[in-house]
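Here the structure comes first, spelled out in structure tokens, and everything after it is commentary.
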Amino acid sequence: MNELVLYLSSAIRLSIPILLAAIGVCFSEKAGVYCMNADSSMLSSCFISIVVTLATGNPWLGCIVGILVGGLCAALFSIFAVKLGANQCLVGLAFNFMVIGLTSSLLRLFWNTNGIPHIAGLDEVAIPGLSTIPIIGPIFFNQPILTYVVYFIVPISWYVMFKTTWGLKIRSVGENPRCADTLGINVIKTRIVSVIVGGLFCGFGGAVLSIQQVQTFTEEMSGARGWMGIIAAYFGGWSPIGAAGASFIFGLAEALEKRIQLLDFINLSSYVIQMFPYIAALIVILLTGSSRRHPAAMAKFYEKQ
Amino acid sequence: MQKYKFSRQAIILKILKFSPVIGAFLGLVVAALFLMLWKINPIEFFTELIKGAIGSKTAIGSTLNRATPYMIVGAATAIAYKAGAQNMGQEGQVFMGGLGAGMVAVLLPHIPSPFALAFALIGSMVFGALFAGIAVLFRLVKGVNEILSTLILNYIGTLIVSALIIGPLKSSTSSSYPHTDSFGKQFLLIQWKSFGYLHAGIFIALLVVAGASYFLWIHPAGLRLRMAGSSPLACRTAGGNPKKIFVRAMLACGALSGLAGGIELLGKYNNLRSGYATSLGWDALIVALLAGLNPNGVIPAAVFFGALYTGINSMQRTLGVPSALLSLIKGCIMVFIISGTALQQYMKVKPKMVKKEVAINE
């Protein structure tokens with residue numbers, strides 16, 4: 001029982017970066033922009049947040065700068081993908097290469113081959129009262145502090161997307177941009193803003209990954225989490241709450257990977273164990289199939305007439 | 001359109017036709033500027049790059065060696081993209097192809113000489129096609145978009161190879177890095193030692209590119225394939241079956257990517273090891289874009305990228321430049337090319353619209 005509680009608790013902790021990326025993807029793709037930049041926003045934020053934390057000694061500042069850099073990366077992406085109308089999938093991939101190249105070279109430049117030293121990250125904080133509830137307490141309320149922030153982000157972003165005017169604008173721009181345009185909505189601006197908001201969330205995911213979980217930076221550390229975010233959003237039908245469910249599946253797979261490595265009676269090669277999250281991702285896309293109807297204007301360039 | 005011949009737009013459109021060349025150049029310039037952080041003079045960067053890539057016989061040999069798989073995978077990618085199959089899984093397919101060739105060589109070591117190499121290469125093609133087949137199956141059964149499934153399959157493919165090397169295929173002799181038993185001599189491609197270990201794979205690559213070019217531009221099936229990619233409806237009207245063409249293009253791309261992996265393995269190494277073709281598939285995707293998704297352009301693009309790879313690797317030894325720089329250049333080149341293509345379309349729309357407005361005013 002205790003083992004199961006520990007397992008679920010670490011699954012939640014590990015699903016948080018993917019969940020944040022998935023929420024970012026929801027915002028971007030609901031507005032009709034294929035969010036292939038998720039991984040690059042995450043990776044750049046991972047790097048910058050660690051560097052700022054090392055320089056200032058303040059993980060909160062690192063987190064905020066990381067979020068902003070994720071947004072900046074998405075803003076650059078939106079110039080090419082939304083304004084110029086380049087192939088969104090390929091531009092996203094190109095951004096991925098650029099960020100991998102930049103972060104890895106800068107890592108070599110400043111820290112040579114030693115790698116970045118570990119930082120004092122954010123540890124678990126048990127919420128008094130709530131954490132004493134049996135089973136639920138240790139699973140949900142004995143987490144690092146940024147996880148609690150995410151508990152609030154999921155319903156808020158759902159509310160913003162489905163219950164506010166701005167959310168309606170985003171969705172209309174993704175479904176039928178011409179119609180939205182005739183109603184006086186600035187399609188390009190709305191798309192750019194929602195891509196940037198998506199980038200901010202992806203950046204937050206990267207900051208959580210580096211500051212709260214790994215507590216250092218290694219080359220290509222985002223390890224396809226951005227793409228898993230895309231899959232999670234797809235599985236959840238581009239709703240933040242659905243995406244949270246899908247991210248939890250990935251969290252379960254990733255926690256299984258970490259747990260099995262600790263158990264010595266299961267003799268599996270570490271490479272096979274590393275495959276678990278990716279196989280989970282494949283199973284999730286296979287289960288979803290084409291049952292989700294994606295926003296009608298997704299990945300389509302819109303030009304004002 | 002005569003009116004627009006010397007207008008600003010027409011001139012820009014003419015310049016944009018060369019966007020791959022401009023993109024490649026700008027990518028290098030960005031890298032040179034970035035290297036000022038290392039206090040490396042841009043001029044020094046370019047001279048060292050050229051010296052490292054084509055400065056000696058050895059350098060030319062390794063440039064061409066690197067260009068070999070790029071040519072094959074680049075041509076394969078061009079075919080797949082022309083058919084509308086957005087295969088992003090070349091990386092995994094290349095790795096699986098190497099695994100196929102390696103498994104033939106390790107598990108069937110007694111095949112006589114003339115058949116051994118052929119069997120190994122066929123094995124690599126089968127493995128590559130099967131791996132691409134997973135994404136095809138997903139598409140056919142559940143309608144899953146091939147972009148996401150192939151992206152994830154890349155990670156699985158590289159991990160499968162690593163897992164097999166430390167597991168069932170592990171060599172009996174101990175060594176510092178995990179690898180399989182050495183292959184028999186009859187499996188390896190011919191190498192020319194005096195020419196930087198250039199191997200015979202380059203001839204296979206040239207054949208593949210020529211074949212792809214013939215197929216795509218001269219053979220009727222190539223026309224049908226291009227039609228399926230650009231307008232599935234037109235293809236159906238003309239009696240073609242876009243779905244069938246998609247499946248065949250994906251499988252062909254997988255098989256050729258696998259072949260590239262097999263050639264890379266049998267030409268350069270004599271055992272299967274992990275990470276023997278890291279980022280080869282990704283690079284080849286950009287080679288295909290640089291060639292404008294046209295097999296005719298793949299050879300110069302592949303040689304350019306091979307030279308870039310070799311040059312930067314030699315600079316890593318001489319100047320201490322990180323090899324991750326290649327990734328940055330790759331990304332920059334890709335962004336410039338794609339935005340050039342987009343800009344071309346963006347500009348083309350404009351003159352028509354001006355005409356329309358005039359007509360309305362009259």
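If you're wondering about the labels, chains in the structure tokens are A, B, ... by order shown, residues count from 1 in each chain, ligands from 1 in order shown.
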Distance cut-off 9 Å, counting only C-alpha atoms - which residues of chain A neighbour chain B? Return them as a compact mmCIF listing (two decimals) with all heavy atoms, in the first residue's frame.
# COMPACT_ATOMS: atom_id res chain seq x y z
N PHE A 80 7.16 33.29 -37.76
CA PHE A 80 7.29 32.45 -38.95
C PHE A 80 6.01 31.69 -39.23
O PHE A 80 5.56 31.60 -40.37
CB PHE A 80 8.44 31.46 -38.77
CG PHE A 80 9.78 32.12 -38.72
CD1 PHE A 80 10.45 32.27 -37.54
CD2 PHE A 80 10.35 32.62 -39.88
CE1 PHE A 80 11.68 32.89 -37.50
CE2 PHE A 80 11.57 33.24 -39.85
CZ PHE A 80 12.23 33.38 -38.65
N ALA A 81 5.40 31.13 -38.19
CA ALA A 81 4.30 30.19 -38.40
C ALA A 81 2.98 30.92 -38.66
O ALA A 81 2.17 30.45 -39.44
CB ALA A 81 4.16 29.28 -37.19
N LEU A 84 4.13 34.76 -41.32
CA LEU A 84 4.63 34.44 -42.67
C LEU A 84 3.91 33.26 -43.29
O LEU A 84 3.91 33.11 -44.51
CB LEU A 84 6.13 34.12 -42.59
CG LEU A 84 7.08 35.27 -42.73
CD1 LEU A 84 8.50 34.77 -42.58
CD2 LEU A 84 6.91 35.91 -44.08
N GLY A 85 3.31 32.42 -42.47
CA GLY A 85 2.61 31.27 -43.01
C GLY A 85 3.51 30.16 -43.46
O GLY A 85 3.20 29.44 -44.41
N ALA A 86 4.66 29.97 -42.78
CA ALA A 86 5.54 28.85 -43.14
C ALA A 86 4.93 27.56 -42.60
O ALA A 86 4.06 27.59 -41.73
CB ALA A 86 6.92 29.07 -42.55
N ASN A 87 5.40 26.44 -43.11
CA ASN A 87 4.93 25.13 -42.66
C ASN A 87 5.19 24.97 -41.16
O ASN A 87 6.33 24.90 -40.72
CB ASN A 87 5.66 24.05 -43.46
CG ASN A 87 5.17 22.66 -43.12
OD1 ASN A 87 4.73 22.41 -42.01
ND2 ASN A 87 5.24 21.78 -44.08
N CYS A 89 4.79 22.67 -38.93
CA CYS A 89 5.44 21.47 -38.44
C CYS A 89 6.96 21.57 -38.61
O CYS A 89 7.72 21.32 -37.67
CB CYS A 89 4.88 20.32 -39.24
SG CYS A 89 5.30 18.77 -38.61
N LEU A 90 7.37 21.99 -39.81
CA LEU A 90 8.81 22.03 -40.09
C LEU A 90 9.48 23.17 -39.34
O LEU A 90 10.61 23.03 -38.87
CB LEU A 90 9.04 22.17 -41.59
CG LEU A 90 8.61 20.93 -42.38
CD1 LEU A 90 8.76 21.17 -43.87
CD2 LEU A 90 9.42 19.73 -41.97
N VAL A 91 8.81 24.33 -39.23
CA VAL A 91 9.41 25.43 -38.46
C VAL A 91 9.60 25.01 -37.01
O VAL A 91 10.63 25.30 -36.40
CB VAL A 91 8.56 26.71 -38.55
CG1 VAL A 91 9.09 27.76 -37.62
CG2 VAL A 91 8.56 27.24 -39.95
N GLY A 92 8.60 24.30 -36.46
CA GLY A 92 8.73 23.84 -35.09
C GLY A 92 9.93 22.94 -34.91
O GLY A 92 10.70 23.08 -33.97
N LEU A 93 10.11 22.04 -35.87
CA LEU A 93 11.25 21.13 -35.81
C LEU A 93 12.55 21.92 -35.91
O LEU A 93 13.53 21.63 -35.20
CB LEU A 93 11.14 20.14 -36.97
CG LEU A 93 11.77 18.79 -36.76
CD1 LEU A 93 11.16 18.11 -35.56
CD2 LEU A 93 11.58 17.94 -37.99
N ALA A 94 12.56 22.93 -36.79
CA ALA A 94 13.76 23.75 -36.96
C ALA A 94 14.10 24.46 -35.66
O ALA A 94 15.26 24.53 -35.26
CB ALA A 94 13.56 24.76 -38.08
N PHE A 95 13.07 24.99 -34.98
CA PHE A 95 13.31 25.66 -33.70
C PHE A 95 13.88 24.68 -32.69
O PHE A 95 14.75 25.03 -31.89
CB PHE A 95 12.00 26.26 -33.17
CG PHE A 95 11.84 27.68 -33.54
CD1 PHE A 95 11.64 28.04 -34.86
CD2 PHE A 95 11.92 28.67 -32.59
CE1 PHE A 95 11.51 29.36 -35.21
CE2 PHE A 95 11.80 30.00 -32.93
CZ PHE A 95 11.59 30.34 -34.24
N ASN A 96 13.39 23.44 -32.76
CA ASN A 96 13.90 22.43 -31.87
C ASN A 96 15.41 22.24 -32.06
O ASN A 96 16.17 22.23 -31.10
CB ASN A 96 13.17 21.13 -32.20
CG ASN A 96 13.11 20.22 -31.03
OD1 ASN A 96 13.32 20.66 -29.91
ND2 ASN A 96 12.85 18.97 -31.29
N PHE A 97 15.84 22.14 -33.33
CA PHE A 97 17.27 21.98 -33.61
C PHE A 97 18.05 23.18 -33.11
O PHE A 97 19.11 23.04 -32.52
CB PHE A 97 17.51 21.83 -35.11
CG PHE A 97 17.06 20.52 -35.67
CD1 PHE A 97 16.31 20.46 -36.81
CD2 PHE A 97 17.38 19.35 -35.03
CE1 PHE A 97 15.89 19.26 -37.33
CE2 PHE A 97 16.97 18.14 -35.54
CZ PHE A 97 16.22 18.10 -36.69
N MET A 98 17.51 24.38 -33.38
CA MET A 98 18.23 25.59 -33.00
C MET A 98 18.44 25.63 -31.50
O MET A 98 19.54 25.95 -31.02
CB MET A 98 17.45 26.83 -33.44
CG MET A 98 17.70 27.19 -34.87
SD MET A 98 17.46 28.91 -35.15
CE MET A 98 15.72 29.04 -35.15
N VAL A 99 17.38 25.31 -30.74
CA VAL A 99 17.50 25.40 -29.29
C VAL A 99 18.44 24.33 -28.76
O VAL A 99 19.27 24.59 -27.88
CB VAL A 99 16.11 25.32 -28.63
CG1 VAL A 99 16.24 25.19 -27.13
CG2 VAL A 99 15.31 26.55 -28.97
N ILE A 100 18.38 23.12 -29.34
CA ILE A 100 19.31 22.07 -28.92
C ILE A 100 20.74 22.55 -29.17
O ILE A 100 21.61 22.45 -28.29
CB ILE A 100 19.05 20.76 -29.69
CG1 ILE A 100 17.75 20.12 -29.21
CG2 ILE A 100 20.20 19.79 -29.49
CD1 ILE A 100 17.37 18.88 -29.98
N GLY A 101 20.98 23.13 -30.37
CA GLY A 101 22.32 23.59 -30.70
C GLY A 101 22.78 24.69 -29.78
O GLY A 101 23.89 24.65 -29.25
N LEU A 102 21.90 25.69 -29.54
CA LEU A 102 22.27 26.83 -28.69
C LEU A 102 22.58 26.38 -27.28
O LEU A 102 23.63 26.71 -26.72
CB LEU A 102 21.12 27.83 -28.65
CG LEU A 102 21.17 29.00 -29.61
CD1 LEU A 102 19.95 29.86 -29.42
CD2 LEU A 102 22.42 29.82 -29.34
N THR A 103 21.65 25.62 -26.66
CA THR A 103 21.85 25.26 -25.26
C THR A 103 23.07 24.37 -25.10
O THR A 103 23.87 24.57 -24.19
CB THR A 103 20.60 24.56 -24.69
OG1 THR A 103 20.25 23.48 -25.56
CG2 THR A 103 19.44 25.49 -24.57
N SER A 104 23.23 23.39 -26.01
CA SER A 104 24.37 22.48 -25.85
C SER A 104 25.69 23.22 -26.05
O SER A 104 26.66 22.98 -25.32
CB SER A 104 24.27 21.31 -26.81
OG SER A 104 23.05 20.65 -26.65
N SER A 105 25.73 24.14 -27.04
CA SER A 105 27.00 24.85 -27.25
C SER A 105 27.29 25.78 -26.08
O SER A 105 28.44 25.88 -25.64
CB SER A 105 26.99 25.69 -28.52
OG SER A 105 26.24 25.16 -29.51
N LEU A 106 26.26 26.48 -25.58
CA LEU A 106 26.50 27.39 -24.46
C LEU A 106 26.93 26.61 -23.22
O LEU A 106 27.78 27.06 -22.45
CB LEU A 106 25.25 28.21 -24.16
CG LEU A 106 24.95 29.29 -25.20
CD1 LEU A 106 23.62 29.95 -24.90
CD2 LEU A 106 26.05 30.34 -25.21
N ARG A 108 28.70 23.91 -23.25
CA ARG A 108 30.12 23.61 -23.45
C ARG A 108 30.97 24.86 -23.25
O ARG A 108 32.07 24.80 -22.72
CB ARG A 108 30.37 23.09 -24.87
CG ARG A 108 29.99 21.68 -25.07
CD ARG A 108 30.96 20.76 -24.34
NE ARG A 108 30.33 19.51 -24.00
CZ ARG A 108 30.14 18.52 -24.85
NH1 ARG A 108 30.55 18.66 -26.09
NH2 ARG A 108 29.56 17.42 -24.47
N LEU A 109 30.45 26.01 -23.68
CA LEU A 109 31.22 27.24 -23.61
C LEU A 109 31.49 27.63 -22.16
O LEU A 109 32.61 27.95 -21.78
CB LEU A 109 30.47 28.37 -24.33
CG LEU A 109 31.07 29.76 -24.21
CD1 LEU A 109 32.43 29.80 -24.87
CD2 LEU A 109 30.17 30.78 -24.87
N GLY A 223 13.77 15.71 -23.55
CA GLY A 223 13.50 14.32 -23.93
C GLY A 223 12.10 14.05 -24.44
O GLY A 223 11.39 13.20 -23.94
N ALA A 224 11.68 14.82 -25.45
CA ALA A 224 10.39 14.58 -26.11
C ALA A 224 9.19 14.90 -25.25
O ALA A 224 8.07 14.58 -25.60
CB ALA A 224 10.27 13.14 -26.60
N TRP A 227 6.67 16.90 -27.13
CA TRP A 227 5.85 16.13 -28.06
C TRP A 227 4.82 15.30 -27.33
O TRP A 227 3.71 15.09 -27.80
CB TRP A 227 6.75 15.27 -28.96
CG TRP A 227 7.45 16.13 -29.94
CD1 TRP A 227 6.94 17.25 -30.53
CD2 TRP A 227 8.77 15.99 -30.43
NE1 TRP A 227 7.87 17.79 -31.37
CE2 TRP A 227 9.00 17.04 -31.32
CE3 TRP A 227 9.78 15.07 -30.22
CZ2 TRP A 227 10.20 17.20 -32.00
CZ3 TRP A 227 10.97 15.23 -30.89
CH2 TRP A 227 11.17 16.29 -31.77
N MET A 228 5.20 14.82 -26.13
CA MET A 228 4.21 14.10 -25.34
C MET A 228 3.10 15.05 -24.93
O MET A 228 1.94 14.64 -24.83
CB MET A 228 4.87 13.51 -24.10
CG MET A 228 5.74 12.37 -24.47
SD MET A 228 6.15 11.47 -23.04
CE MET A 228 7.26 10.33 -23.74
N ILE A 230 1.98 17.43 -26.78
CA ILE A 230 1.10 17.51 -27.94
C ILE A 230 0.15 16.31 -27.96
O ILE A 230 -1.06 16.45 -28.18
CB ILE A 230 1.92 17.55 -29.25
CG1 ILE A 230 2.78 18.81 -29.28
CG2 ILE A 230 1.02 17.50 -30.46
CD1 ILE A 230 3.67 18.89 -30.48
N ILE A 231 0.71 15.12 -27.66
CA ILE A 231 -0.12 13.92 -27.68
C ILE A 231 -1.16 13.98 -26.56
O ILE A 231 -2.32 13.60 -26.75
CB ILE A 231 0.77 12.67 -27.55
CG1 ILE A 231 1.63 12.54 -28.79
CG2 ILE A 231 -0.07 11.43 -27.38
CD1 ILE A 231 2.71 11.52 -28.67
N SER A 269 16.76 -4.65 -18.97
CA SER A 269 17.82 -3.72 -19.34
C SER A 269 17.30 -2.29 -19.21
O SER A 269 16.11 -2.03 -19.42
CB SER A 269 18.28 -4.01 -20.76
OG SER A 269 17.94 -2.96 -21.60
N SER A 270 18.20 -1.38 -18.84
CA SER A 270 17.75 -0.02 -18.56
C SER A 270 17.18 0.63 -19.81
O SER A 270 16.30 1.49 -19.74
CB SER A 270 18.90 0.81 -18.02
OG SER A 270 19.83 1.02 -19.05
N TYR A 271 17.65 0.20 -20.99
CA TYR A 271 17.14 0.79 -22.22
C TYR A 271 15.68 0.41 -22.44
O TYR A 271 14.88 1.21 -22.89
CB TYR A 271 17.98 0.35 -23.41
CG TYR A 271 19.37 0.91 -23.39
CD1 TYR A 271 20.47 0.10 -23.21
CD2 TYR A 271 19.57 2.28 -23.55
CE1 TYR A 271 21.74 0.62 -23.19
CE2 TYR A 271 20.84 2.81 -23.52
CZ TYR A 271 21.92 1.97 -23.35
OH TYR A 271 23.18 2.50 -23.32
N VAL A 272 15.34 -0.85 -22.09
CA VAL A 272 13.95 -1.29 -22.24
C VAL A 272 13.07 -0.45 -21.31
O VAL A 272 11.98 -0.01 -21.68
CB VAL A 272 13.82 -2.79 -21.93
CG1 VAL A 272 12.37 -3.20 -21.97
CG2 VAL A 272 14.63 -3.60 -22.91
N GLN A 274 13.65 2.55 -20.21
CA GLN A 274 13.53 3.92 -20.73
C GLN A 274 12.47 4.05 -21.81
O GLN A 274 12.00 5.12 -22.10
CB GLN A 274 14.87 4.37 -21.32
CG GLN A 274 15.85 4.88 -20.29
CD GLN A 274 17.18 5.17 -20.93
OE1 GLN A 274 17.23 5.66 -22.05
NE2 GLN A 274 18.24 4.86 -20.25
N MET A 275 12.14 2.92 -22.44
CA MET A 275 11.15 2.95 -23.51
C MET A 275 9.73 3.18 -23.01
O MET A 275 8.87 3.59 -23.77
CB MET A 275 11.19 1.63 -24.27
CG MET A 275 11.89 1.65 -25.57
SD MET A 275 11.72 0.03 -26.29
CE MET A 275 13.38 -0.56 -26.24
N TYR A 278 7.65 6.29 -23.92
CA TYR A 278 7.39 6.40 -25.35
C TYR A 278 6.34 5.39 -25.79
O TYR A 278 5.47 5.69 -26.61
CB TYR A 278 8.69 6.21 -26.13
CG TYR A 278 9.75 7.19 -25.72
CD1 TYR A 278 10.96 6.77 -25.20
CD2 TYR A 278 9.51 8.56 -25.81
CE1 TYR A 278 11.92 7.67 -24.80
CE2 TYR A 278 10.46 9.47 -25.42
CZ TYR A 278 11.67 9.02 -24.90
OH TYR A 278 12.60 9.93 -24.51
N ILE A 279 6.42 4.17 -25.22
CA ILE A 279 5.43 3.16 -25.57
C ILE A 279 4.06 3.61 -25.07
O ILE A 279 3.04 3.47 -25.77
CB ILE A 279 5.83 1.80 -25.00
CG1 ILE A 279 7.03 1.28 -25.80
CG2 ILE A 279 4.70 0.80 -25.10
CD1 ILE A 279 7.63 0.03 -25.28
N ALA A 281 3.12 6.63 -24.84
CA ALA A 281 2.68 7.67 -25.78
C ALA A 281 2.07 7.03 -27.02
O ALA A 281 1.01 7.45 -27.50
CB ALA A 281 3.85 8.56 -26.16
N LEU A 282 2.74 5.99 -27.53
CA LEU A 282 2.21 5.32 -28.73
C LEU A 282 0.85 4.72 -28.45
O LEU A 282 -0.07 4.83 -29.27
CB LEU A 282 3.17 4.20 -29.15
CG LEU A 282 4.28 4.55 -30.11
CD1 LEU A 282 4.93 3.28 -30.61
CD2 LEU A 282 3.75 5.35 -31.28
N ILE A 285 -1.75 7.44 -28.41
CA ILE A 285 -2.21 7.92 -29.73
C ILE A 285 -3.03 6.85 -30.42
O ILE A 285 -3.97 7.17 -31.13
CB ILE A 285 -1.12 8.35 -30.75
CG1 ILE A 285 0.28 8.10 -30.31
CG2 ILE A 285 -1.29 9.75 -31.20
CD1 ILE A 285 1.29 8.60 -31.34
N LEU A 286 -2.67 5.59 -30.23
CA LEU A 286 -3.41 4.53 -30.90
C LEU A 286 -4.83 4.47 -30.36
O LEU A 286 -5.80 4.30 -31.12
CB LEU A 286 -2.71 3.19 -30.69
CG LEU A 286 -3.25 2.05 -31.54
CD1 LEU A 286 -3.08 2.38 -33.00
CD2 LEU A 286 -2.52 0.76 -31.23
N LEU A 287 -4.97 4.65 -29.03
CA LEU A 287 -6.31 4.62 -28.43
C LEU A 287 -7.15 5.79 -28.92
O LEU A 287 -8.34 5.65 -29.17
CB LEU A 287 -6.21 4.67 -26.91
CG LEU A 287 -5.74 3.39 -26.23
CD1 LEU A 287 -5.69 3.59 -24.74
CD2 LEU A 287 -6.69 2.25 -26.57
N THR A 288 -6.52 6.96 -29.02
CA THR A 288 -7.29 8.13 -29.43
C THR A 288 -7.67 8.02 -30.89
O THR A 288 -8.81 8.27 -31.27
CB THR A 288 -6.45 9.41 -29.26
OG1 THR A 288 -5.58 9.23 -28.18
CG2 THR A 288 -7.33 10.59 -29.05
N GLY A 289 -6.70 7.63 -31.72
CA GLY A 289 -6.97 7.50 -33.15
C GLY A 289 -7.46 8.81 -33.72
O GLY A 289 -7.00 9.88 -33.35
N SER A 290 -8.42 8.72 -34.61
CA SER A 290 -8.95 9.94 -35.21
C SER A 290 -10.26 10.31 -34.56
O SER A 290 -11.08 11.02 -35.14
CB SER A 290 -9.13 9.74 -36.70
OG SER A 290 -9.93 8.61 -36.91
N SER A 291 -10.49 9.82 -33.30
CA SER A 291 -11.79 10.07 -32.68
C SER A 291 -11.93 11.52 -32.23
O SER A 291 -13.04 11.99 -32.00
CB SER A 291 -11.98 9.14 -31.50
OG SER A 291 -10.95 9.34 -30.58
N GLU A 303 -4.70 34.49 -44.20
CA GLU A 303 -4.24 35.81 -44.60
C GLU A 303 -5.44 36.72 -44.74
O GLU A 303 -6.45 36.33 -45.34
CB GLU A 303 -3.48 35.73 -45.91
CG GLU A 303 -2.66 36.98 -46.17
CD GLU A 303 -2.03 36.93 -47.54
OE1 GLU A 303 -2.41 36.07 -48.34
OE2 GLU A 303 -1.16 37.76 -47.80
N GLN A 305 -7.93 39.26 -46.12
CA GLN A 305 -8.23 39.60 -47.52
C GLN A 305 -8.43 41.09 -47.67
O GLN A 305 -9.00 41.73 -46.82
CB GLN A 305 -9.51 38.88 -47.97
CG GLN A 305 -9.34 37.38 -47.98
CD GLN A 305 -8.67 36.88 -49.23
OE1 GLN A 305 -9.15 37.13 -50.32
NE2 GLN A 305 -7.56 36.20 -49.07
Would you give me, as CSV, each residue of region 118-182 of chain A having an atom within 8 Å of an atom of region 8-28 of chain A, along with its shortest atom pair and that distance in Å to one decimal, using only C-alpha atoms and sorting by chain and residue number?
residue,atom,partner,partner_atom,distance
A:Pro138,CA,A:Ser9,CA,7.1
A:Ile139,CA,A:Ser9,CA,4.3
A:Phe140,CA,A:Ser9,CA,6.6
A:Asn142,CA,A:Ser9,CA,8.0
A:Gln143,CA,A:Arg13,CA,6.9
A:Pro144,CA,A:Arg13,CA,7.9
A:Thr147,CA,A:Ile16,CA,6.8
A:Val150,CA,A:Ile16,CA,7.5
A:Val154,CA,A:Ile23,CA,7.8
A:Ser157,CA,A:Ile23,CA,7.7
A:Met161,CA,A:Phe27,CA,7.7
A:Ile170,CA,A:Phe27,CA,7.7
Restricted to N, CA and C atoms, what would the selected residues look like written as a short mmCIF file (atom, residue, chain, number, x, y, z; two decimals), in the first residue's frame?
data_model
loop_
_atom_site.label_atom_id
_atom_site.label_comp_id
_atom_site.auth_asym_id
_atom_site.auth_seq_id
_atom_site.Cartn_x
_atom_site.Cartn_y
_atom_site.Cartn_z
N PRO A 138 -1.00 11.98 1.31
CA PRO A 138 0.38 11.83 0.82
C PRO A 138 0.50 11.82 -0.70
N ILE A 139 -0.57 11.45 -1.41
CA ILE A 139 -0.45 11.44 -2.88
C ILE A 139 -0.48 12.86 -3.42
N PHE A 140 -1.47 13.66 -2.98
CA PHE A 140 -1.67 14.96 -3.63
C PHE A 140 -1.03 16.11 -2.87
N ASN A 142 1.64 16.22 -0.66
CA ASN A 142 3.01 16.20 -0.17
C ASN A 142 3.93 16.33 -1.38
N GLN A 143 3.79 17.45 -2.07
CA GLN A 143 4.46 17.64 -3.35
C GLN A 143 5.33 18.90 -3.29
N PRO A 144 6.27 19.05 -4.23
CA PRO A 144 7.01 20.31 -4.31
C PRO A 144 6.03 21.46 -4.59
N THR A 147 3.97 22.29 -7.82
CA THR A 147 2.88 21.38 -8.17
C THR A 147 1.54 21.94 -7.70
N VAL A 150 0.19 24.34 -10.04
CA VAL A 150 -0.40 23.71 -11.22
C VAL A 150 -1.81 23.22 -10.93
N VAL A 154 -4.85 24.27 -13.84
CA VAL A 154 -5.69 23.43 -14.72
C VAL A 154 -7.12 23.95 -14.79
N SER A 157 -7.26 27.54 -16.46
CA SER A 157 -7.09 27.60 -17.91
C SER A 157 -8.31 27.00 -18.61
N MET A 161 -10.53 29.15 -21.23
CA MET A 161 -10.72 28.72 -22.61
C MET A 161 -12.19 28.53 -22.97
N ILE A 170 -10.32 32.74 -29.12
CA ILE A 170 -9.29 31.77 -29.49
C ILE A 170 -9.91 30.61 -30.26
#
*Pick from A:Gly205, A:Pro277, A:Pro59, A:Gly242: nearest to Asp39 (chain A), with only C-alpha atoms counted?*
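The closest residue to Asp39 (chain A) is A:Gly205.
Computed from the coordinates, the CA of Arg226 (chain B) to CA of Lys17 (chain B) distance equals 20.7 Å.
The residue that comes closest to Lys243 (chain B), out of B:Gly84, B:His199, B:Ile165, B:His219 and on the basis of only C-alpha atoms, is B:Gly84.
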*Write down as a PyMOL selection string the residues belonging to region 199-256 of chain B that are assigned helix (DSSP H, G or I) by DSSP computed on the backbone.*
chain B and resi 201-217+220-230+232-237+242-256
*Which residues, written as a ChimeraX atom specification, have at least one atom at most 7 Å from region 123-129 of chain B, with only C-alpha atoms counted and residues fewer than 4 positions away on the same chain left out?*
/B:93-94,96-101,104,119,133,251-252,254-259,262
*Counting only C-alpha atoms, what is within 12 Å of Arg236 (chain B), bar same-chain residues fewer than 5 positions away, as a PyMOL selection string?*
chain B and resi 224-225+227-231+241-245
*asked:* as a PyMOL selection string, please: the residues near Val208 (chain B) (cut-off 10 Å, only C-alpha atoms, same-chain neighbours under 4 positions excluded).
replied: chain B and resi 71-73+75-76+202-204+212-214+256+295
*Of the residues A:Met42, A:Leu61, A:Leu263, A:Val187, which is the one nearest to Gly174 (chain A), using only C-alpha atoms?*
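The closest residue to Gly174 (chain A) is A:Val187.
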*Would you list the contacts of region 266-274 of chain B as a list in words, taking every protein, DNA or RNA residue within 7 Å and counting only C-alpha atoms, but skipping same-chain residues closer than 6 positions in sequence?*
Gly102, Val161, Ser162, Ile165, Pro178, His179, Thr180, Asp181, Ser182, Phe183, Phe187, Leu188, Leu189, His199 and Gly201 of chain B
